[in-house]
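Coordinates from data.cif are shown below (mmCIF, C-alpha atoms).
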```cif
data_start
#
loop_
_atom_site.group_PDB
_atom_site.id
_atom_site.type_symbol
_atom_site.label_atom_id
_atom_site.label_comp_id
_atom_site.auth_asym_id
_atom_site.auth_seq_id
_atom_site.Cartn_x
_atom_site.Cartn_y
_atom_site.Cartn_z
ATOM 1 C CA MET A 1 85.602 60.562 54.482
ATOM 2 C CA LEU A 2 84.247 63.263 52.188
ATOM 3 C CA GLY A 3 80.686 62.549 53.297
ATOM 4 C CA SER A 4 81.716 62.838 56.941
ATOM 5 C CA ILE A 5 83.013 66.363 56.365
ATOM 6 C CA TYR A 6 79.883 67.350 54.437
ATOM 7 C CA ALA A 7 77.737 66.001 57.269
ATOM 8 C CA LEU A 8 79.671 67.945 59.904
ATOM 9 C CA VAL A 9 79.250 71.224 58.020
ATOM 10 C CA ALA A 10 75.617 70.467 57.129
ATOM 11 C CA LEU A 11 74.784 70.204 60.823
ATOM 12 C CA GLY A 12 75.428 73.929 61.194
ATOM 13 C CA TYR A 13 73.004 74.727 58.384
ATOM 14 C CA THR A 14 70.279 72.430 59.625
ATOM 15 C CA MET A 15 70.410 73.472 63.306
ATOM 16 C CA VAL A 16 70.091 77.168 62.449
ATOM 17 C CA TYR A 17 67.338 76.491 59.920
ATOM 18 C CA GLY A 18 65.471 74.274 62.379
ATOM 19 C CA ILE A 19 65.274 77.087 64.925
ATOM 20 C CA LEU A 20 65.131 80.270 62.816
ATOM 21 C CA GLY A 21 64.084 79.109 59.370
ATOM 22 C CA LEU A 22 67.255 80.878 58.158
ATOM 23 C CA ILE A 23 69.784 79.486 55.677
ATOM 24 C CA ASN A 24 73.104 80.793 56.985
ATOM 25 C CA PHE A 25 75.105 81.007 53.765
ATOM 26 C CA ALA A 26 78.027 82.468 55.737
ATOM 27 C CA HIS A 27 78.544 79.101 57.445
ATOM 28 C CA GLY A 28 81.037 77.936 54.819
ATOM 29 C CA GLU A 29 83.181 80.958 55.603
ATOM 30 C CA VAL A 30 83.164 80.003 59.282
ATOM 31 C CA VAL A 31 84.701 76.694 58.195
ATOM 32 C CA MET A 32 87.348 78.623 56.264
ATOM 33 C CA ILE A 33 88.129 80.893 59.228
ATOM 34 C CA GLY A 34 88.541 77.829 61.433
ATOM 35 C CA ALA A 35 91.104 76.349 59.042
ATOM 36 C CA MET A 36 92.979 79.641 58.657
ATOM 37 C CA VAL A 37 93.183 80.282 62.404
ATOM 38 C CA ALA A 38 94.403 76.737 63.076
ATOM 39 C CA ILE A 39 97.118 77.033 60.424
ATOM 40 C CA SER A 40 98.231 80.383 61.820
ATOM 41 C CA VAL A 41 98.553 78.931 65.328
ATOM 42 C CA VAL A 42 100.397 75.840 64.097
ATOM 43 C CA LEU A 43 102.854 77.904 62.057
ATOM 44 C CA ALA A 44 103.380 80.303 64.974
ATOM 45 C CA ILE A 45 104.194 77.479 67.375
ATOM 46 C CA GLY A 46 106.298 75.539 64.887
ATOM 47 C CA THR A 47 106.858 71.808 64.817
ATOM 48 C CA GLY A 48 110.501 71.714 65.852
ATOM 49 C CA GLY A 49 110.442 70.826 69.522
ATOM 50 C CA LEU A 50 106.874 69.769 70.292
ATOM 51 C CA PRO A 51 105.102 66.520 69.356
ATOM 52 C CA ALA A 52 102.758 66.821 66.391
ATOM 53 C CA PRO A 53 99.601 65.985 68.417
ATOM 54 C CA ILE A 54 100.349 68.802 70.881
ATOM 55 C CA VAL A 55 100.811 71.320 68.083
ATOM 56 C CA LEU A 56 97.603 70.166 66.415
ATOM 57 C CA LEU A 57 95.638 70.348 69.667
ATOM 58 C CA ALA A 58 96.902 73.899 70.208
ATOM 59 C CA GLY A 59 95.535 74.873 66.799
ATOM 60 C CA VAL A 60 92.206 73.219 67.617
ATOM 61 C CA ALA A 61 92.068 74.879 71.053
ATOM 62 C CA VAL A 62 92.341 78.337 69.479
ATOM 63 C CA SER A 63 90.304 77.708 66.319
ATOM 64 C CA ILE A 64 87.141 76.399 68.003
ATOM 65 C CA PRO A 65 86.670 79.355 70.430
ATOM 66 C CA ALA A 66 87.485 81.802 67.604
ATOM 67 C CA CYS A 67 84.768 80.295 65.396
ATOM 68 C CA MET A 68 82.296 80.155 68.272
ATOM 69 C CA LEU A 69 82.886 83.864 68.888
ATOM 70 C CA LEU A 70 82.445 84.549 65.174
ATOM 71 C CA GLY A 71 79.172 82.597 65.147
ATOM 72 C CA ALA A 72 77.906 84.575 68.151
ATOM 73 C CA LEU A 73 78.833 87.865 66.467
ATOM 74 C CA LEU A 74 77.081 86.862 63.251
ATOM 75 C CA GLU A 75 73.913 86.037 65.151
ATOM 76 C CA ARG A 76 73.977 89.142 67.313
ATOM 77 C CA VAL A 77 75.038 91.733 64.729
ATOM 78 C CA ALA A 78 73.740 90.437 61.393
ATOM 79 C CA TYR A 79 70.759 88.166 62.057
ATOM 80 C CA ARG A 80 69.062 89.120 65.329
ATOM 81 C CA PRO A 81 68.006 92.608 64.141
ATOM 82 C CA LEU A 82 66.368 90.970 61.102
ATOM 83 C CA ARG A 83 64.583 88.194 62.957
ATOM 84 C CA ASP A 84 61.145 89.670 62.265
ATOM 85 C CA ALA A 85 62.018 90.865 58.768
ATOM 86 C CA PRO A 86 60.957 89.005 55.604
ATOM 87 C CA ARG A 87 62.955 85.840 54.961
ATOM 88 C CA LEU A 88 64.437 87.233 51.774
ATOM 89 C CA THR A 89 66.046 90.074 53.749
ATOM 90 C CA ALA A 90 67.819 87.645 56.098
ATOM 91 C CA LEU A 91 68.875 85.473 53.148
ATOM 92 C CA ILE A 92 70.468 88.418 51.327
ATOM 93 C CA THR A 93 72.176 89.442 54.561
ATOM 94 C CA ALA A 94 73.635 85.929 54.934
ATOM 95 C CA ILE A 95 75.046 86.068 51.404
ATOM 96 C CA GLY A 96 76.448 89.528 52.158
ATOM 97 C CA MET A 97 78.135 88.286 55.342
ATOM 98 C CA SER A 98 79.673 85.447 53.342
ATOM 99 C CA ILE A 99 81.272 87.953 50.967
ATOM 100 C CA VAL A 100 82.406 90.163 53.866
ATOM 101 C CA LEU A 101 84.119 87.246 55.631
ATOM 102 C CA GLN A 102 85.826 86.157 52.409
ATOM 103 C CA ASN A 103 87.279 89.609 51.899
ATOM 104 C CA LEU A 104 88.325 89.980 55.531
ATOM 105 C CA ALA A 105 90.129 86.641 55.297
ATOM 106 C CA MET A 106 91.820 87.743 52.077
ATOM 107 C CA ILE A 107 93.021 90.923 53.810
ATOM 108 C CA ALA A 108 94.239 89.025 56.881
ATOM 109 C CA TRP A 109 95.892 86.019 55.200
ATOM 110 C CA GLY A 110 96.350 87.087 51.583
ATOM 111 C CA ARG A 111 95.287 85.486 48.326
ATOM 112 C CA GLN A 112 97.835 82.687 48.400
ATOM 113 C CA TYR A 113 97.218 79.172 49.668
ATOM 114 C CA LEU A 114 98.421 78.501 53.220
ATOM 115 C CA SER A 115 100.193 75.192 53.737
ATOM 116 C CA PHE A 116 99.196 72.992 56.651
ATOM 117 C CA PRO A 117 102.182 71.095 58.148
ATOM 118 C CA PRO A 118 101.955 67.271 57.967
ATOM 119 C CA LEU A 119 100.790 66.683 61.543
ATOM 120 C CA LEU A 120 98.206 63.951 60.906
ATOM 121 C CA PRO A 121 99.060 60.248 60.458
ATOM 122 C CA ASN A 122 99.309 59.386 56.791
ATOM 123 C CA GLU A 123 100.378 55.745 56.748
ATOM 124 C CA PRO A 124 98.274 53.564 54.397
ATOM 125 C CA HIS A 125 96.093 50.686 55.604
ATOM 126 C CA ALA A 126 94.391 47.939 53.596
ATOM 127 C CA PHE A 127 90.631 47.773 54.207
ATOM 128 C CA LEU A 128 88.252 45.534 52.225
ATOM 129 C CA GLY A 129 90.413 45.728 49.133
ATOM 130 C CA ALA A 130 90.891 49.493 49.366
ATOM 131 C CA THR A 131 93.765 51.562 50.675
ATOM 132 C CA VAL A 132 92.925 54.161 53.301
ATOM 133 C CA THR A 133 95.226 56.433 55.265
ATOM 134 C CA GLY A 134 95.368 57.081 58.967
ATOM 135 C CA THR A 135 94.130 60.629 58.345
ATOM 136 C CA GLN A 136 91.009 59.363 56.584
ATOM 137 C CA LEU A 137 90.255 56.912 59.390
ATOM 138 C CA LEU A 138 90.803 59.630 61.993
ATOM 139 C CA ILE A 139 88.445 62.036 60.184
ATOM 140 C CA VAL A 140 85.667 59.450 59.931
ATOM 141 C CA ALA A 141 86.059 58.309 63.544
ATOM 142 C CA LEU A 142 86.122 61.867 64.898
ATOM 143 C CA THR A 143 83.125 62.906 62.800
ATOM 144 C CA VAL A 144 81.043 59.936 63.939
ATOM 145 C CA SER A 145 81.960 60.683 67.559
ATOM 146 C CA LEU A 146 80.977 64.341 67.225
ATOM 147 C CA MET A 147 77.676 63.497 65.535
ATOM 148 C CA GLY A 148 76.858 60.989 68.260
ATOM 149 C CA ALA A 149 77.696 63.541 70.965
ATOM 150 C CA LEU A 150 75.482 66.119 69.251
ATOM 151 C CA LEU A 151 72.538 63.721 69.140
ATOM 152 C CA LEU A 152 72.976 63.007 72.862
ATOM 153 C CA LEU A 153 73.128 66.730 73.606
ATOM 154 C CA ILE A 154 69.949 67.461 71.641
ATOM 155 C CA ASN A 155 67.937 64.518 72.944
ATOM 156 C CA ARG A 156 69.190 64.076 76.535
ATOM 157 C CA THR A 157 70.118 67.488 77.969
ATOM 158 C CA ARG A 158 68.262 70.602 79.144
ATOM 159 C CA LEU A 159 69.949 72.629 76.426
ATOM 160 C CA GLY A 160 68.752 70.151 73.835
ATOM 161 C CA ARG A 161 65.190 70.311 75.143
ATOM 162 C CA ALA A 162 65.319 74.087 75.032
ATOM 163 C CA MET A 163 66.619 73.966 71.448
ATOM 164 C CA ARG A 164 63.816 71.611 70.409
ATOM 165 C CA ALA A 165 61.207 73.762 72.164
ATOM 166 C CA THR A 166 62.525 76.903 70.458
ATOM 167 C CA SER A 167 62.443 75.091 67.135
ATOM 168 C CA GLN A 168 58.772 74.212 67.618
ATOM 169 C CA SER A 169 57.639 77.660 68.765
ATOM 170 C CA PRO A 170 59.974 80.437 69.959
ATOM 171 C CA ALA A 171 57.089 82.427 71.434
ATOM 172 C CA LEU A 172 55.728 79.490 73.438
ATOM 173 C CA ALA A 173 59.218 78.471 74.543
ATOM 174 C CA GLY A 174 59.730 82.001 75.851
ATOM 175 C CA LEU A 175 56.490 81.800 77.833
ATOM 176 C CA MET A 176 57.760 78.553 79.418
ATOM 177 C CA GLY A 177 60.885 80.300 80.705
ATOM 178 C CA VAL A 178 63.334 79.566 77.889
ATOM 179 C CA ASP A 179 65.728 82.407 77.064
ATOM 180 C CA VAL A 180 65.158 82.259 73.302
ATOM 181 C CA ASN A 181 67.931 84.712 72.398
ATOM 182 C CA ARG A 182 70.447 82.736 74.437
ATOM 183 C CA ILE A 183 69.385 79.424 72.888
ATOM 184 C CA ILE A 184 69.642 80.802 69.363
ATOM 185 C CA MET A 185 73.099 82.218 70.055
ATOM 186 C CA LEU A 186 74.251 78.919 71.578
ATOM 187 C CA THR A 187 72.968 77.127 68.480
ATOM 188 C CA PHE A 188 75.077 79.384 66.266
ATOM 189 C CA MET A 189 78.086 78.824 68.515
ATOM 190 C CA LEU A 190 77.651 75.058 68.528
ATOM 191 C CA GLY A 191 77.355 74.915 64.748
ATOM 192 C CA SER A 192 80.420 77.156 64.435
ATOM 193 C CA ALA A 193 82.439 74.853 66.695
ATOM 194 C CA LEU A 194 81.618 71.914 64.417
ATOM 195 C CA ALA A 195 82.535 74.093 61.426
ATOM 196 C CA ALA A 196 85.948 74.808 62.976
ATOM 197 C CA VAL A 197 86.634 71.090 63.369
ATOM 198 C CA ALA A 198 85.574 70.491 59.767
ATOM 199 C CA GLY A 199 87.883 73.261 58.546
ATOM 200 C CA ILE A 200 90.847 71.775 60.399
ATOM 201 C CA MET A 201 90.033 68.332 58.968
ATOM 202 C CA ILE A 202 89.958 69.678 55.415
ATOM 203 C CA ALA A 203 93.165 71.678 55.841
ATOM 204 C CA GLY A 204 94.903 68.720 57.458
ATOM 205 C CA TYR A 205 93.807 66.261 54.795
ATOM 206 C CA TYR A 206 94.541 68.393 51.724
ATOM 207 C CA GLY A 207 97.530 70.118 53.318
ATOM 208 C CA GLN A 208 96.367 73.643 52.496
ATOM 209 C CA ALA A 209 93.656 76.247 53.000
ATOM 210 C CA HIS A 210 92.489 79.293 51.063
ATOM 211 C CA TYR A 211 90.255 82.287 51.718
ATOM 212 C CA TYR A 212 87.766 81.054 49.094
ATOM 213 C CA MET A 213 87.628 77.408 50.244
ATOM 214 C CA GLY A 214 84.397 77.824 52.197
ATOM 215 C CA PHE A 215 82.216 78.855 49.276
ATOM 216 C CA MET A 216 81.959 75.557 47.384
ATOM 217 C CA LEU A 217 82.116 73.528 50.587
ATOM 218 C CA GLY A 218 79.225 75.542 51.992
ATOM 219 C CA LEU A 219 77.109 74.960 48.892
ATOM 220 C CA LYS A 220 77.743 71.221 49.025
ATOM 221 C CA ALA A 221 76.984 71.054 52.736
ATOM 222 C CA PHE A 222 73.757 72.950 52.075
ATOM 223 C CA THR A 223 72.982 70.370 49.377
ATOM 224 C CA ALA A 224 73.605 67.630 51.946
ATOM 225 C CA ALA A 225 71.269 69.317 54.434
ATOM 226 C CA VAL A 226 68.523 69.583 51.796
ATOM 227 C CA LEU A 227 69.099 65.973 50.734
ATOM 228 C CA GLY A 228 68.649 64.702 54.287
ATOM 229 C CA GLY A 229 65.821 67.097 55.142
ATOM 230 C CA ILE A 230 66.923 70.551 56.239
ATOM 231 C CA GLY A 231 66.032 71.188 59.861
ATOM 232 C CA ASN A 232 66.501 67.503 60.722
ATOM 233 C CA VAL A 233 69.806 66.765 62.497
ATOM 234 C CA SER A 234 69.794 63.054 61.660
ATOM 235 C CA GLY A 235 68.871 63.958 58.094
ATOM 236 C CA ALA A 236 71.896 66.246 57.801
ATOM 237 C CA MET A 237 74.165 63.394 58.867
ATOM 238 C CA LEU A 238 72.569 60.975 56.419
ATOM 239 C CA GLY A 239 72.533 63.559 53.623
ATOM 240 C CA GLY A 240 76.200 64.415 54.102
ATOM 241 C CA LEU A 241 77.306 60.791 54.026
ATOM 242 C CA ALA A 242 75.077 60.037 51.033
ATOM 243 C CA LEU A 243 76.311 63.062 49.088
ATOM 244 C CA GLY A 244 79.946 62.170 49.701
ATOM 245 C CA VAL A 245 79.384 58.626 48.463
ATOM 246 C CA ILE A 246 77.396 59.789 45.415
ATOM 247 C CA GLU A 247 80.032 62.350 44.483
ATOM 248 C CA SER A 248 82.942 59.926 44.882
ATOM 249 C CA LEU A 249 81.251 57.052 43.062
ATOM 250 C CA GLY A 250 80.070 59.369 40.315
ATOM 251 C CA ALA A 251 83.556 60.753 39.768
ATOM 252 C CA GLY A 252 85.105 57.281 39.881
ATOM 253 C CA TYR A 253 82.772 54.870 38.111
ATOM 254 C CA ILE A 254 81.097 57.236 35.660
ATOM 255 C CA GLY A 255 84.493 58.738 34.917
ATOM 256 C CA ALA A 256 85.806 55.269 34.103
ATOM 257 C CA LEU A 257 82.807 54.446 31.902
ATOM 258 C CA THR A 258 83.214 57.684 29.942
ATOM 259 C CA GLY A 259 86.956 57.344 29.542
ATOM 260 C CA GLY A 260 87.663 60.161 31.969
ATOM 261 C CA PHE A 261 85.344 62.649 30.247
ATOM 262 C CA LEU A 262 83.138 62.900 33.354
ATOM 263 C CA GLY A 263 85.835 62.181 35.909
ATOM 264 C CA SER A 264 86.944 63.965 39.047
ATOM 265 C CA HIS A 265 86.960 67.384 37.359
ATOM 266 C CA TYR A 266 83.185 67.098 37.016
ATOM 267 C CA GLN A 267 82.419 65.748 40.484
ATOM 268 C CA ASP A 268 80.651 68.989 41.428
ATOM 269 C CA VAL A 269 78.109 68.202 38.701
ATOM 270 C CA PHE A 270 76.972 65.095 40.567
ATOM 271 C CA ALA A 271 76.493 66.992 43.839
ATOM 272 C CA PHE A 272 74.304 69.697 42.334
ATOM 273 C CA ALA A 273 72.435 67.254 40.119
ATOM 274 C CA VAL A 274 71.398 65.536 43.354
ATOM 275 C CA LEU A 275 70.207 68.895 44.722
ATOM 276 C CA ILE A 276 68.056 69.519 41.641
ATOM 277 C CA LEU A 277 66.552 66.028 41.734
ATOM 278 C CA VAL A 278 65.739 66.283 45.442
ATOM 279 C CA LEU A 279 64.109 69.685 45.039
ATOM 280 C CA VAL A 280 62.013 68.390 42.136
ATOM 281 C CA PHE A 281 60.930 64.989 43.451
ATOM 282 C CA ARG A 282 61.204 65.245 47.267
ATOM 283 C CA PRO A 283 61.629 68.824 48.492
ATOM 284 C CA SER A 284 61.322 67.714 52.128
ATOM 285 C CA GLY A 285 64.439 65.522 51.823
ATOM 286 C CA LEU A 286 65.074 61.917 52.832
ATOM 287 C CA LEU A 287 64.108 62.308 56.505
ATOM 288 C CA GLY A 288 62.264 65.622 56.375
ATOM 289 C CA GLU A 289 58.566 66.062 56.870
ATOM 290 C CA ARG A 290 56.221 68.439 55.151
ATOM 291 C CA VAL A 291 55.237 71.008 57.726
ATOM 292 C CA ALA A 292 53.160 74.180 57.541
ATOM 293 C CA ASP A 293 54.805 77.572 57.944
ATOM 294 C CA ARG A 294 54.739 78.923 61.467
ATOM 295 C CA ALA A 295 52.023 81.395 62.277
#
```
Before anything else, please render the file you have as structure tokens.
Amino acid sequence: MLGSIYALVALGYTMVYGILGLINFAHGEVVMIGAMVAISVVLAIGTGGLPAPIVLLAGVAVSIPACMLLGALLERVAYRPLRDAPRLTALITAIGMSIVLQNLAMIAWGRQYLSFPPLLPNEPHAFLGATVTGTQLLIVALTVSLMGALLLLINRTRLGRAMRATSQSPALAGLMGVDVNRIIMLTFMLGSALAAVAGIMIAGYYGQAHYYMGFMLGLKAFTAAVLGGIGNVSGAMLGGLALGVIESLGAGYIGALTGGFLGSHYQDVFAFAVLILVLVFRPSGLLGERVADRA
């Protein structure tokens, strides 16, 4: 379940990097905004007279367009003017936008945690000797469906062909009639839509959201993208699932072997240890390829 969420967020990082060579460190904050907007809509509607699925769908229906608009604004205002600037300039701008979005969220929703009403199914089920809840099964099933739909979009549609052409060479794609600016903006919007779904999943599973929740999640999703091979969509999916499994097994089994000394409180250590090892021994990631910088 954890790996599914990492994979969904990592897709936003890897799609933007594949086309622009930009690491959008503000992507974690888009996830946070998606969760906050959904909670606000759910609390505004209330759960008294309407079925829980209807209330949840209303939150999703508002959160996804809001995040898509935010992604388009980020691309148009913050990143497009710096497209020909040195990479370090765009990277610093992305970090700056992350801080700006955190502070705007703190102003809008406050410092306190926002509680997400219990709208998702939470009944336990036995599965291969383990106990899983309906929420966990729903998150995994929805994530797999979204990842499959994204692969079909990229590989079987005109938009996907345009995205792949822009990734290979924006200048050549433009000469072939592709509106490069439009494709890049749509890529940001698509990644932001997936981020909104991930934010709602996290808020629904943990029952709360916070203005700072996107920071650590964004770093871990970036780790997952690097693990799978940043710029590779299938790699982001594999990296997210692998990182979730590594983190959970590390916190569980190693915590048990050490008597709880390296338990769940140290699970972040396992995620970033994986990042260091990948960068040292296989910088291109599990499914990435070593490619030359674009001319």
Please expand the PyMOL selection byres ((chain A and resi 9) around 7) into the concrete residues it hits in this file, giving the result as an MDAnalysis selection string. chainID A and resid 5:8 10:12 194:195 198 221
Pull out every residue that the PyMOL selection byres ((chain A and resi 40) around 10) matches in the shown coordinates and put them as JSON, numbers by chain. {"A": [35, 36, 37, 38, 39, 41, 42, 43, 44, 45, 46, 59, 62, 63, 109, 114, 115, 116]}
Name the residues, using the chain letters and numbers of the file, that sit within 12 Å of (86.0, 86.1, 52.9) when counting all atoms listed in the file, and give them as an mmCIF file with C-alpha atoms, keeping the file's coordinate frame.
```
data_model
loop_
_atom_site.group_PDB
_atom_site.id
_atom_site.type_symbol
_atom_site.label_atom_id
_atom_site.label_comp_id
_atom_site.auth_asym_id
_atom_site.auth_seq_id
_atom_site.Cartn_x
_atom_site.Cartn_y
_atom_site.Cartn_z
ATOM 1 C CA ALA A 26 78.027 82.468 55.737
ATOM 2 C CA HIS A 27 78.544 79.101 57.445
ATOM 3 C CA GLY A 28 81.037 77.936 54.819
ATOM 4 C CA GLU A 29 83.181 80.958 55.603
ATOM 5 C CA VAL A 30 83.164 80.003 59.282
ATOM 6 C CA VAL A 31 84.701 76.694 58.195
ATOM 7 C CA MET A 32 87.348 78.623 56.264
ATOM 8 C CA ILE A 33 88.129 80.893 59.228
ATOM 9 C CA MET A 36 92.979 79.641 58.657
ATOM 10 C CA ILE A 95 75.046 86.068 51.404
ATOM 11 C CA GLY A 96 76.448 89.528 52.158
ATOM 12 C CA MET A 97 78.135 88.286 55.342
ATOM 13 C CA SER A 98 79.673 85.447 53.342
ATOM 14 C CA ILE A 99 81.272 87.953 50.967
ATOM 15 C CA VAL A 100 82.406 90.163 53.866
ATOM 16 C CA LEU A 101 84.119 87.246 55.631
ATOM 17 C CA GLN A 102 85.826 86.157 52.409
ATOM 18 C CA ASN A 103 87.279 89.609 51.899
ATOM 19 C CA LEU A 104 88.325 89.980 55.531
ATOM 20 C CA ALA A 105 90.129 86.641 55.297
ATOM 21 C CA MET A 106 91.820 87.743 52.077
ATOM 22 C CA ILE A 107 93.021 90.923 53.810
ATOM 23 C CA ALA A 108 94.239 89.025 56.881
ATOM 24 C CA TRP A 109 95.892 86.019 55.200
ATOM 25 C CA GLY A 110 96.350 87.087 51.583
ATOM 26 C CA ARG A 111 95.287 85.486 48.326
ATOM 27 C CA HIS A 210 92.489 79.293 51.063
ATOM 28 C CA TYR A 211 90.255 82.287 51.718
ATOM 29 C CA TYR A 212 87.766 81.054 49.094
ATOM 30 C CA MET A 213 87.628 77.408 50.244
ATOM 31 C CA GLY A 214 84.397 77.824 52.197
ATOM 32 C CA PHE A 215 82.216 78.855 49.276
#
```
Quick check, in Å to one decimal: how far apart do CA of Gly231 in chain A and CA of Met15 in chain A lie? 6.0 Å
For range 137-153 of chain A, what centre and edge lengths in Å (one decimal) does the axis-aligned box get once 5 Å is added on each side of all its listed atoms, as AutoDock Vina command-line options?
```
--center_x 81.7 --center_y 61.8 --center_z 66.5 --size_x 28.3 --size_y 19.8 --size_z 24.2
```
Do a neighbour search on Val269 in chain A at 10 Å with all atoms listed in the file, toss out local chain neighbours closer than 6 positions, and write the hits as a list in words.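 My reading of the contact set: Glu247, Gly250, Ala251, Leu262 and Leu275 of chain A.
Taking CA of Ala130 in chain A and CA of Thr143 in chain A as endpoints, the distance between them is 20.5 Å.
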Rounded to one decimal place, report the CA of Leu20 in chain A-CA of Ser4 in chain A distance in Å.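 That distance, rounded to one decimal, is 24.8 Å.
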Would you translate the PyMOL selection byres ((chain A and resi 186-192) around 6) into the concrete set of residues it matches in this file, as an MDAnalysis selection string? chainID A and resid 12 67:68 71:72 183:185 193:195
